[in-house]
Every structure is written in structure tokens, then in C-alpha cells.
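Structure below is run07.txt: compact mmCIF, C-alpha atoms.
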# COMPACT_ATOMS: atom_id res chain seq x y z
CA MET A 837 131.29 55.78 -70.75
CA LYS A 838 133.54 54.75 -73.63
CA GLY A 839 136.85 53.06 -72.86
CA ILE A 840 140.24 53.91 -74.26
CA ARG A 841 139.80 51.40 -77.10
CA GLN A 842 136.54 53.05 -78.18
CA LEU A 843 138.19 56.46 -78.03
CA ALA A 844 140.98 55.24 -80.31
CA GLU A 845 138.50 53.76 -82.80
CA HIS A 846 136.41 56.94 -82.79
CA LEU A 847 139.48 59.11 -83.50
CA ASP A 848 141.07 56.58 -85.86
CA VAL A 849 144.34 56.59 -83.95
CA SER A 850 146.18 53.92 -82.00
CA ILE A 851 145.42 53.05 -78.39
CA GLY A 852 149.02 54.02 -77.54
CA THR A 853 148.54 57.49 -79.00
CA VAL A 854 145.37 58.01 -76.94
CA SER A 855 147.12 56.79 -73.80
CA ARG A 856 150.14 59.06 -74.32
CA ALA A 857 147.92 62.06 -75.06
CA LEU A 858 145.86 61.51 -71.93
CA ASN A 859 149.01 61.17 -69.85
CA GLY A 860 150.53 64.39 -71.21
CA LYS A 861 153.48 62.73 -72.98
CA ALA A 862 155.63 65.08 -75.02
CA ASP A 863 155.82 62.82 -78.10
CA VAL A 864 152.20 63.47 -79.11
CA ASN A 865 151.31 66.06 -81.75
CA GLU A 866 149.57 69.03 -80.12
CA GLU A 867 146.63 68.90 -82.52
CA THR A 868 146.18 65.18 -81.82
CA ARG A 869 146.38 65.80 -78.09
CA LYS A 870 143.60 68.38 -78.31
CA ARG A 871 141.42 66.00 -80.34
CA VAL A 872 141.95 63.22 -77.80
CA LEU A 873 141.19 65.44 -74.81
CA ALA A 874 138.11 66.91 -76.49
CA ALA A 875 136.79 63.44 -77.34
CA ALA A 876 137.50 62.16 -73.85
CA GLU A 877 135.51 65.04 -72.37
CA GLU A 878 132.67 64.57 -74.87
CA PHE A 879 132.30 60.88 -74.08
CA GLY A 880 132.90 61.24 -70.33
CA TYR A 881 136.01 59.10 -70.40
CA VAL A 882 137.92 58.92 -67.11
CA ALA A 883 141.17 56.98 -66.91
CA ASN A 884 141.20 53.92 -64.67
CA GLN A 885 143.45 55.29 -61.94
CA SER A 886 143.61 52.04 -60.00
CA GLY A 887 144.83 50.18 -63.07
CA ARG A 888 147.36 52.88 -63.79
CA SER A 889 148.57 52.76 -60.19
CA LEU A 890 149.10 49.00 -60.43
CA ARG A 891 151.13 49.41 -63.62
CA GLN A 892 153.22 52.32 -62.35
CA GLY A 893 153.53 51.17 -58.74
CA THR A 894 152.38 54.58 -57.47
CA THR A 895 149.10 56.18 -56.44
CA ASN A 896 150.14 59.86 -56.67
CA VAL A 897 148.35 60.28 -53.35
CA ILE A 898 149.80 61.61 -50.09
CA GLY A 899 148.11 60.72 -46.79
CA LEU A 900 147.75 63.06 -43.82
CA MET A 901 146.93 61.08 -40.68
CA ILE A 902 145.14 62.98 -37.93
CA GLU A 903 143.43 61.84 -34.76
CA THR A 904 139.74 62.65 -34.39
CA SER A 905 137.48 62.66 -31.37
CA LYS A 906 134.16 64.04 -30.24
CA GLU A 907 135.99 67.08 -28.86
CA THR A 908 137.80 67.89 -32.11
CA VAL A 909 134.55 67.69 -34.06
CA GLU A 910 132.63 69.84 -31.57
CA ASN A 911 135.43 72.37 -31.26
CA SER A 912 135.86 72.68 -35.05
CA ASP A 913 139.61 73.01 -34.66
CA ASN A 914 140.90 74.88 -37.72
CA PHE A 915 144.57 73.93 -37.31
CA PHE A 916 144.63 71.25 -40.00
CA LEU A 917 142.39 73.25 -42.33
CA GLY A 918 145.13 75.88 -42.46
CA VAL A 919 147.91 73.32 -42.77
CA THR A 920 146.23 71.40 -45.61
CA GLY A 921 145.96 74.58 -47.68
CA GLY A 922 149.74 74.89 -47.57
CA LEU A 923 150.26 71.18 -48.24
CA GLN A 924 148.09 71.17 -51.33
CA SER A 925 149.69 74.35 -52.69
CA VAL A 926 152.91 72.33 -53.04
CA PHE A 927 151.44 68.95 -54.01
CA SER A 928 149.35 70.50 -56.79
CA ARG A 929 152.58 71.54 -58.55
CA HIS A 930 153.24 67.85 -59.16
CA LYS A 931 149.65 66.67 -59.67
CA LEU A 932 149.71 64.88 -56.32
CA ASP A 933 146.50 64.53 -54.33
CA LEU A 934 146.18 64.88 -50.56
CA VAL A 935 143.81 62.66 -48.59
CA MET A 936 142.94 62.96 -44.92
CA LEU A 937 143.19 59.75 -42.91
CA PRO A 938 141.21 60.42 -39.71
CA CYS A 939 141.96 57.91 -36.96
CA PRO A 940 139.12 57.79 -34.39
CA SER A 941 140.15 58.28 -30.78
CA ASP A 942 138.89 54.83 -29.78
CA GLU A 943 141.26 53.07 -32.22
CA ASP A 944 144.96 52.42 -31.74
CA PRO A 945 146.78 54.81 -34.14
CA TYR A 946 149.40 52.12 -34.81
CA GLU A 947 146.79 49.55 -35.86
CA TYR A 948 145.02 52.14 -38.00
CA LEU A 949 148.22 53.08 -39.81
CA LYS A 950 149.22 49.44 -40.22
CA ARG A 951 145.97 48.86 -42.10
CA MET A 952 146.62 51.85 -44.37
CA VAL A 953 150.16 50.63 -45.07
CA ALA A 954 148.93 47.12 -45.91
CA ARG A 955 146.43 48.52 -48.41
CA ARG A 956 149.06 50.76 -50.06
CA VAL A 957 146.52 53.55 -50.45
CA VAL A 958 149.17 56.29 -50.49
CA ASP A 959 152.72 56.80 -51.74
CA ALA A 960 153.84 58.74 -48.67
CA MET A 961 152.57 59.86 -45.27
CA ILE A 962 152.44 62.84 -42.98
CA ILE A 963 151.73 61.85 -39.39
CA SER A 964 150.78 64.14 -36.53
CA ALA A 965 150.21 64.00 -32.77
CA THR A 966 153.47 62.10 -32.33
CA GLN A 967 153.86 60.34 -29.01
CA ARG A 968 157.00 60.09 -26.94
CA ILE A 969 157.30 56.46 -28.01
CA ASP A 970 155.48 56.17 -31.34
CA LYS A 971 155.32 52.76 -33.02
CA ARG A 972 153.99 54.36 -36.21
CA ILE A 973 157.45 55.79 -36.92
CA ASP A 974 159.12 52.37 -36.65
CA LEU A 975 156.40 50.91 -38.88
CA LEU A 976 156.91 53.48 -41.64
CA VAL A 977 160.70 53.16 -41.46
CA LYS A 978 160.48 49.37 -41.74
CA ALA A 979 157.95 49.55 -44.59
CA LYS A 980 160.23 52.06 -46.40
CA ILE A 981 157.36 54.46 -46.95
CA PRO A 982 158.48 58.10 -47.24
CA PHE A 983 157.05 60.18 -44.41
CA VAL A 984 157.47 63.32 -42.39
CA ALA A 985 156.24 63.79 -38.83
CA LEU A 986 154.59 66.91 -37.48
CA GLY A 987 156.21 66.51 -34.09
CA ARG A 988 159.27 64.94 -32.51
CA SER A 989 159.53 61.50 -30.92
CA SER A 990 162.07 59.21 -29.28
CA SER A 991 161.15 56.43 -31.69
CA GLY A 992 162.98 55.56 -34.88
CA GLY A 993 166.33 56.21 -33.25
CA GLY A 994 165.85 59.84 -34.22
CA ASN A 995 166.52 58.88 -37.87
CA PHE A 996 163.41 60.34 -39.41
CA THR A 997 162.40 63.73 -40.74
CA TRP A 998 160.19 66.02 -38.69
CA ILE A 999 159.00 69.57 -38.24
CA ASP A 1000 157.84 70.60 -34.78
CA LEU A 1001 156.49 73.77 -33.26
CA ASP A 1002 158.78 75.72 -30.95
CA PHE A 1003 157.21 74.64 -27.67
CA GLU A 1004 160.45 75.41 -25.84
CA GLY A 1005 160.37 78.97 -27.14
CA VAL A 1006 156.72 79.38 -26.17
CA ALA A 1007 157.32 78.16 -22.61
CA THR A 1008 160.47 80.25 -22.16
CA SER A 1009 159.11 83.53 -23.53
CA ALA A 1010 155.82 83.11 -21.62
CA VAL A 1011 157.59 82.47 -18.31
CA ASP A 1012 160.03 85.34 -18.94
CA ARG A 1013 157.14 87.71 -19.66
CA LEU A 1014 155.17 86.70 -16.56
CA VAL A 1015 158.17 86.84 -14.24
CA ALA A 1016 158.95 90.35 -15.54
CA LYS A 1017 155.43 91.31 -14.46
CA GLY A 1018 156.04 90.08 -10.91
CA HIS A 1019 154.53 86.56 -11.07
CA ARG A 1020 156.14 83.73 -9.12
CA ARG A 1021 153.28 81.22 -8.95
CA ILE A 1022 152.84 80.29 -12.61
CA ALA A 1023 150.71 77.31 -13.61
CA ILE A 1024 150.52 75.58 -16.97
CA ALA A 1025 147.74 73.58 -18.62
CA ALA A 1026 149.48 70.69 -20.39
CA PRO A 1027 147.91 67.90 -22.46
CA SER A 1028 147.06 64.61 -20.84
CA GLY A 1029 148.31 61.42 -22.46
CA GLU A 1030 151.60 60.48 -24.10
CA ILE A 1031 151.74 63.12 -26.83
CA ASN A 1032 155.36 64.23 -26.98
CA LEU A 1033 154.70 67.97 -27.05
CA GLY A 1034 153.47 67.72 -23.47
CA TYR A 1035 156.82 66.41 -22.27
CA ILE A 1036 158.72 69.04 -24.27
CA PHE A 1037 156.54 71.86 -22.98
CA VAL A 1038 156.69 70.85 -19.30
CA ASP A 1039 160.46 70.35 -19.43
CA ALA A 1040 160.99 73.77 -21.02
CA TYR A 1041 158.66 75.36 -18.44
CA ARG A 1042 160.66 73.80 -15.60
CA LYS A 1043 163.96 75.03 -17.05
CA ALA A 1044 162.57 78.53 -17.57
CA LEU A 1045 161.48 78.69 -13.92
CA GLU A 1046 164.90 77.51 -12.75
CA THR A 1047 166.53 80.24 -14.82
CA HIS A 1048 164.64 82.77 -12.69
CA GLY A 1049 165.39 80.97 -9.42
CA ILE A 1050 161.81 79.71 -9.05
CA LYS A 1051 161.32 76.20 -7.69
CA TYR A 1052 159.34 73.84 -9.90
CA ASP A 1053 156.06 72.75 -8.28
CA PRO A 1054 154.41 69.72 -9.98
CA LYS A 1055 151.05 70.76 -8.49
CA LEU A 1056 151.05 73.71 -10.88
CA VAL A 1057 151.12 71.41 -13.93
CA ILE A 1058 147.43 70.82 -14.74
CA ARG A 1059 146.86 67.87 -17.09
CA VAL A 1060 143.70 68.18 -19.18
CA LYS A 1061 142.35 67.38 -22.62
CA SER A 1062 143.34 69.70 -25.44
CA SER A 1063 139.93 71.24 -25.95
CA GLU A 1064 137.56 73.96 -24.76
CA GLN A 1065 136.30 71.48 -22.17
CA GLY A 1066 139.90 70.92 -21.08
CA GLY A 1067 140.31 74.66 -20.56
CA TYR A 1068 137.19 74.72 -18.40
CA GLN A 1069 138.56 71.82 -16.33
CA ALA A 1070 141.91 73.58 -16.01
CA GLY A 1071 140.11 76.57 -14.55
CA GLN A 1072 138.30 74.32 -12.09
CA GLU A 1073 141.50 72.64 -10.94
CA LEU A 1074 143.33 75.95 -10.70
CA LEU A 1075 140.67 77.27 -8.31
CA LEU A 1076 141.27 74.30 -6.01
CA ILE A 1077 145.03 74.80 -5.69
CA GLU A 1078 146.13 76.00 -2.27
CA ASP A 1079 148.11 79.23 -2.57
CA ARG A 1080 146.46 79.79 -5.92
CA PRO A 1081 148.66 80.68 -8.92
CA THR A 1082 148.58 84.24 -10.20
CA ALA A 1083 149.20 83.24 -13.82
CA ILE A 1084 148.61 80.34 -16.19
CA ILE A 1085 150.07 79.36 -19.58
CA LEU A 1086 148.00 77.27 -21.99
CA ILE A 1087 149.40 74.87 -24.59
CA TYR A 1088 146.31 74.53 -26.77
CA GLU A 1089 144.53 77.40 -28.48
CA LEU A 1090 140.90 76.56 -27.67
CA MET A 1091 141.60 76.01 -23.97
CA ALA A 1092 141.34 79.76 -23.45
CA ILE A 1093 137.62 79.77 -24.26
CA GLY A 1094 136.80 77.17 -21.61
CA LEU A 1095 139.17 78.73 -19.09
CA TYR A 1096 137.61 82.18 -19.45
CA ARG A 1097 134.16 80.67 -18.90
CA ARG A 1098 135.15 78.99 -15.62
CA LEU A 1099 136.97 82.07 -14.34
CA VAL A 1100 133.98 84.33 -15.03
CA GLU A 1101 131.71 81.89 -13.19
CA ALA A 1102 134.03 82.19 -10.17
CA GLY A 1103 134.10 85.99 -10.36
CA ILE A 1104 137.73 86.07 -11.48
CA VAL A 1105 138.64 88.51 -14.24
CA PRO A 1106 141.46 87.46 -16.60
CA GLY A 1107 144.01 90.22 -16.94
CA ARG A 1108 143.07 91.67 -13.56
CA ASP A 1109 142.92 88.79 -11.06
CA LEU A 1110 144.77 86.16 -13.08
CA ALA A 1111 147.28 86.53 -15.91
CA VAL A 1112 146.59 84.25 -18.89
CA ILE A 1113 148.84 83.48 -21.85
CA GLY A 1114 147.31 81.34 -24.57
CA PHE A 1115 149.02 79.24 -27.19
CA ARG A 1116 148.19 79.95 -30.83
CA GLU A 1117 146.19 82.87 -32.18
CA GLU A 1118 142.80 81.35 -33.03
CA PRO A 1119 139.89 83.09 -34.84
CA ARG A 1120 137.30 82.44 -32.14
CA ALA A 1121 139.67 83.53 -29.39
CA LYS A 1122 139.77 86.99 -30.97
CA PHE A 1123 136.33 87.62 -29.46
CA LEU A 1124 137.52 87.04 -25.89
CA GLN A 1125 137.64 89.97 -23.50
CA PRO A 1126 140.16 90.92 -22.32
CA THR A 1127 142.10 90.22 -25.50
CA LEU A 1128 144.30 87.16 -25.21
CA THR A 1129 148.09 87.32 -25.15
CA CYS A 1130 149.12 84.40 -27.35
CA PHE A 1131 151.42 83.30 -30.16
CA ARG A 1132 151.13 83.69 -33.92
CA MET A 1133 152.24 81.43 -36.76
CA SER A 1134 151.37 80.87 -40.42
CA LEU A 1135 149.59 77.54 -40.88
CA PRO A 1136 149.79 77.61 -44.71
CA ASP A 1137 153.54 78.23 -44.52
CA LEU A 1138 153.89 75.31 -42.09
CA GLY A 1139 151.90 73.10 -44.46
CA ALA A 1140 154.06 74.10 -47.43
CA ALA A 1141 157.22 73.35 -45.43
CA LEU A 1142 155.87 69.92 -44.46
CA ALA A 1143 155.08 69.14 -48.10
CA GLU A 1144 158.49 70.21 -49.38
CA THR A 1145 160.23 68.29 -46.58
CA LEU A 1146 158.28 65.15 -47.50
CA LEU A 1147 158.98 65.47 -51.23
CA ALA A 1148 162.69 65.97 -50.51
CA GLY A 1149 162.72 62.40 -49.21
CA MET A 1150 160.99 60.93 -52.27
CA PRO A 1151 163.29 59.92 -55.15
CA ALA A 1152 161.02 61.38 -57.84
CA TYR A 1153 161.18 64.86 -56.28
CA SER A 1154 164.38 64.91 -54.22
CA GLU A 1155 166.37 66.89 -56.79
CA ILE A 1156 163.73 69.62 -56.86
CA TYR A 1157 163.68 69.93 -53.05
CA ARG A 1158 167.28 69.00 -52.28
CA ASN A 1159 167.44 71.50 -49.39
CA GLY A 1160 164.16 70.38 -47.86
CA ALA A 1161 165.10 67.15 -46.09
CA ARG A 1162 165.99 68.58 -42.70
CA ASN A 1163 164.46 68.70 -39.26
CA ARG A 1164 163.13 72.08 -38.19
CA ILE A 1165 161.74 73.87 -35.17
CA TRP A 1166 158.91 76.09 -36.38
CA PRO A 1167 158.93 79.55 -34.72
CA LEU A 1168 155.97 81.32 -33.15
CA GLU A 1169 155.70 85.05 -32.49
CA LEU A 1170 154.25 86.40 -29.26
CA VAL A 1171 151.27 88.73 -29.76
CA PRO A 1172 150.69 90.89 -26.64
CA GLY A 1173 147.12 91.25 -25.42
CA GLU A 1174 145.35 92.39 -22.28
CA SER A 1175 144.99 89.01 -20.56
CA ASP A 1176 148.35 89.34 -18.80
CA ALA A 1177 148.60 93.13 -18.77
CA PHE A 1178 148.66 93.73 -15.03
CA PHE A 1179 151.79 93.84 -12.88
CA ARG A 1180 151.79 91.95 -9.60
CA GLU A 1181 153.34 93.78 -6.69
CA PRO A 1182 155.95 91.66 -4.89
CA LYS A 1183 155.03 90.40 -1.43
CA THR A 1184 156.64 92.30 1.42

Let me see the structure of the file written as C-alpha cells.
Amino acid sequence: MKGIRQLAEHLDVSIGTVSRALNGKADVNEETRKRVLAAAEEFGYVANQSGRSLRQGTTNVIGLMIETSKETVENSDNFFLGVTGGLQSVFSRHKLDLVMLPCPSDEDPYEYLKRMVARRVVDAMIISATQRIDKRIDLLVKAKIPFVALGRSSSGGGNFTWIDLDFEGVATSAVDRLVAKGHRRIAIAAPSGEINLGYIFVDAYRKALETHGIKYDPKLVIRVKSSEQGGYQAGQELLLIEDRPTAIILIYELMAIGLYRRLVEAGIVPGRDLAVIGFREEPRAKFLQPTLTCFRMSLPDLGAALAETLLAGMPAYSEIYRNGARNRIWPLELVPGESDAFFREPKT
């Protein structure tokens, strides 16, 4: 591989001309630029990005931090695959690269992020799975690293940019729909742990019940892992509840697969013996019978919105995305299925 000096000697031009041509500067003659690019390709020259990053003080790389576990690998969750497509559609406009930063479940997310910040491997961050109290937010604010959070949190004094899914709307519309069908004993499967969406979802569920004059019963809040296995466990715990619920709302898409399995084992038919409302429309869930009532959203559009929101907070791009730096609740649309189709006759 020839270096930039060898390229300049081969073309009989200055090193500065080669450098400007490779970096797409406007002050280089078009014919010269073509010669430089052709020679670079012929000799397999690749610019030293690390050296360039040191000189410019930027990496042109955006990091997306996600949490990984055995369950997420086995379940092949496609959520972030859809989101990253939307992210990259925006970043590619500016020749920015997106890298995934997978934090294993047995490592403290704060310590993991602190290591990434110390190494300065990215110019900006997108963090997910925000907790109610999330030290990562305070870390990024203190380090003055541009970031956007996929999820709300009580940390940072609320002075950070986020986009979150409309968990309140999901809980409210699901409860309204089930109550209209005669259900009064409505359970929910909420995530275990300190992830903030769990608190938001349970609080909205409680308020929705109160709106209909239904007393909140903490025994109907089933805490499980956000996975197919968690759905199976939710089904098991539901079967053990005295005065068993007639309906259940799930807050994670793949839970429905595990839940259906446990119900079938117990001889309970979803949509006939128990009303089920899932969370997000998921490709594999389309094969469930009866068809699952759930919610729809565009993952690529969410990813694009996250990217534009992040860039709005970065000085180099803020003028382009001047309307992007705002917090948003991302809507979901209910898609009726057969899993909650039956009406429950009121007790006499």
C-alpha cells in the first residue's frame, strides 16, 4: 500500500493537492481529483482515519448503545435492526458512520459507557433502555458529549433530549378497549428491573383503570423479563392468580409467543377464554392464532427521527436540523386482531 507521499510523487503533484482531492475539497481541479482518486484506487491507498481524527478532533462516528443478553440473542429481536436502518439513512447524508456498542447484561451499563467515553471512540451517542435513575445521562452531560436517549429518565434534571414511545397511550387505549368489551379483571405483564418504561406503563395502566372506576390491584401486575421466556412465565403466574384475570396486556412484543404457548398447555384459548393485547406488531407474532391485537409503528421513521434529533444538538449540523432538538412521544397505532375479540358478559 503506497502512502500519500508516494501517491503525490507518482502523480507529480504536491502532497497538499493529494490530501485535498481525497478529502473532497472544492479548490482542487476536477481532472486532478479524478487522477488522484483513480491512482488511490489502483494502489489500494486508504487514508489513515485515526490520524485524521486526531488532527480534526472528530471521528465522524456515532455510537448506538444497546444492552445484550442471552435472551435477546436467542429471541433475535428485530427492534434495533429496524431502527438502525432509519438512523443510517440520515447519517449517510453527512458521511457519518454508525457503530453498535453492545453492553453485555452482566456488565454495569454506566461502567461500560464510561470506558467508551474515555476512549473517545465516537463523536456522539444514542443510548437506549433508560432507567428511572440513569447515571449514563449525567456522565454524558458532564463530558459534554452530544447524545439523545431512546427513553425518558429522571436523571439529568430533565435537561437532555429524548424520544420515547407512547407507553401511556398504549396502556390507556388497551384498557379502554378491554373495558368496552366487559373486562374488569385486567392484568399486565411489565418488565422487571429499573427500566423507566415499566414505571411509565404501570402508572398509566393504574390511571386508566381509575378512569373507569376499577380499583388497582398490584397482584395483577406481573413482573417478568422482556422476552419469549418472560411471556411464558407471565402465563404461568397468571394461572396461579386467585380470581383469575380475564384479560392481559403485554409491554414487549415477543412476550406474546411465550404466553400463547403456556396458555395452550393449560387448555386456555386466547381470544376465547382470555383476551390478550400485545405491544408492537412483530413479524413472528403474525403467525400466532388467533391473530394478535397489538400496536403498529415505523421503526425506520423512529430511527430517522432519533438521528435528526441528535444532529440538531451537534454544532456542525444544528443549522440543518434546527427544528429537530425537541423531546417527543412517539405514537403507536392499535391494530385490531382476534386475540381480544370476545365480549365478556357482566356478572349478575

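Atom CA of A:Ala960 sits 17.3 Å away from atom CA of A:Arg1158.
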
- Task: Take the point (157.9, 70.8, -49.1) in the file's coordinates, draw a sphere of radius 10 Å around it, and report as a PyMOL selection string every protein, DNA or RNA residue with an atom inside or on it, counting all atoms listed in the file.
- Result: chain A and resi 922-923+925-927+1137-1149+1153+1156-1157+1159-1161

- Task: For atom CA of A:Thr1047 and atom CA of A:Leu1090, quote the distance in Å rounded to one decimal.
- Result: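 We find that atom CA of A:Thr1047 and atom CA of A:Leu1090 lie 28.9 Å from each other.
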
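The space separating atom CA of A:Lys978 from atom CA of A:Asn1032 comes to 21.6 Å.
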
- Query: Skipping near chain neighbours, those fewer than 6 positions away, what residues fall within 8 Å of A:Ala1083 using all atoms listed in the file, listed as a list in words?
  - Reply: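 Selected residues are Leu1014, His1019, Arg1021, Ile1022, Ala1023, Leu1110, Ala1111, Val1112 and Asp1176 of chain A.
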
Once you add 3 Å to each side, what are the centre and edge lengths of the axis-aligned box holding all listed atoms of stretch 945-960 of chain A? One decimal in Å, as lines of an AutoDock Vina configuration file, if you can.
center_x = 149.4
center_y = 52.9
center_z = -42.9
size_x = 14.8
size_y = 17.6
size_z = 23.6

Can you pull out every residue within 7 Å of stretch 1164-1166 of chain A, counting all atoms listed in the file, but drop anything in the same chain fewer than 6 positions away, and send it as a PDB file with C-alpha atoms, in the frame of the given file?
ATOM      1  CA  TRP A 998     160.190  66.020 -38.690  1.00  0.00           C
ATOM      2  CA  ILE A 999     159.000  69.570 -38.240  1.00  0.00           C
ATOM      3  CA  ASP A1000     157.840  70.600 -34.780  1.00  0.00           C
ATOM      4  CA  LEU A1001     156.490  73.770 -33.260  1.00  0.00           C
ATOM      5  CA  ASP A1002     158.780  75.720 -30.950  1.00  0.00           C
TER       6      ASP A1002
END

- Message: At a cut-off of 12 Å, using all atoms listed in the file, what residues contact A:Tyr1035? Leave out same-chain residues fewer than 6 positions from it and give the result as a count of residues only.
- Response: 20

- Query: Using all atoms listed in the file, which residue out of A:Val1105, A:Asp959, A:Asp944, A:Cys939 lies closest to A:Thr894?
  - Reply: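 Checking each of A:Val1105, A:Asp959, A:Asp944, A:Cys939 against A:Thr894, counting all atoms listed in the file, the winner is A:Asp959.
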
- Taking all atoms listed in the file into account, which of A:Val849, A:Ala1102, A:Ala985, A:Leu1095 comes nearest A:Ile902? A:Ala985

- Task: Please identify all polymer residues within 9 Å of A:Val953, counting all atoms listed in the file, omitting same-chain residues fewer than 5 positions from it, and present them as a list in words.
- Result: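 Close residues of A:Val953: Tyr948, Val958, Leu975, Leu976, Ala979 and Ile981 of chain A.
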
Preceding selection exported with C-alpha atoms as a PDB file, keeping the file's coordinate frame:
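After the write, part_33.pdb holds the following:
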ATOM      1  CA  TYR A 948     145.020  52.140 -38.000  1.00  0.00           C
ATOM      2  CA  VAL A 958     149.170  56.290 -50.490  1.00  0.00           C
ATOM      3  CA  LEU A 975     156.400  50.910 -38.880  1.00  0.00           C
ATOM      4  CA  LEU A 976     156.910  53.480 -41.640  1.00  0.00           C
ATOM      5  CA  ALA A 979     157.950  49.550 -44.590  1.00  0.00           C
ATOM      6  CA  ILE A 981     157.360  54.460 -46.950  1.00  0.00           C
TER       7      ILE A 981
END

- Message: Please determine, counting only C-alpha atoms, which residue among A:Ala1025, A:Ile1113, A:Ile1084, A:Leu843 has the shortest atom-to-atom distance to A:Ala1070.
- Response: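 Ranking A:Ala1025, A:Ile1113, A:Ile1084, A:Leu843 by distance to A:Ala1070, first place goes to A:Ala1025.
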
- Item | Residue nearest A:Arg1020 among A:Asn896, A:Asn859, A:Thr1082, A:Ser964 (counting only C-alpha atoms) |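 Selected residue with least distance to A:Arg1020: A:Thr1082.
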
- Surrounding residues of A:Ser1009 excluding itself and chain neighbours under 6 positions, 12 Å, only C-alpha atoms, as a count of residues only: 23
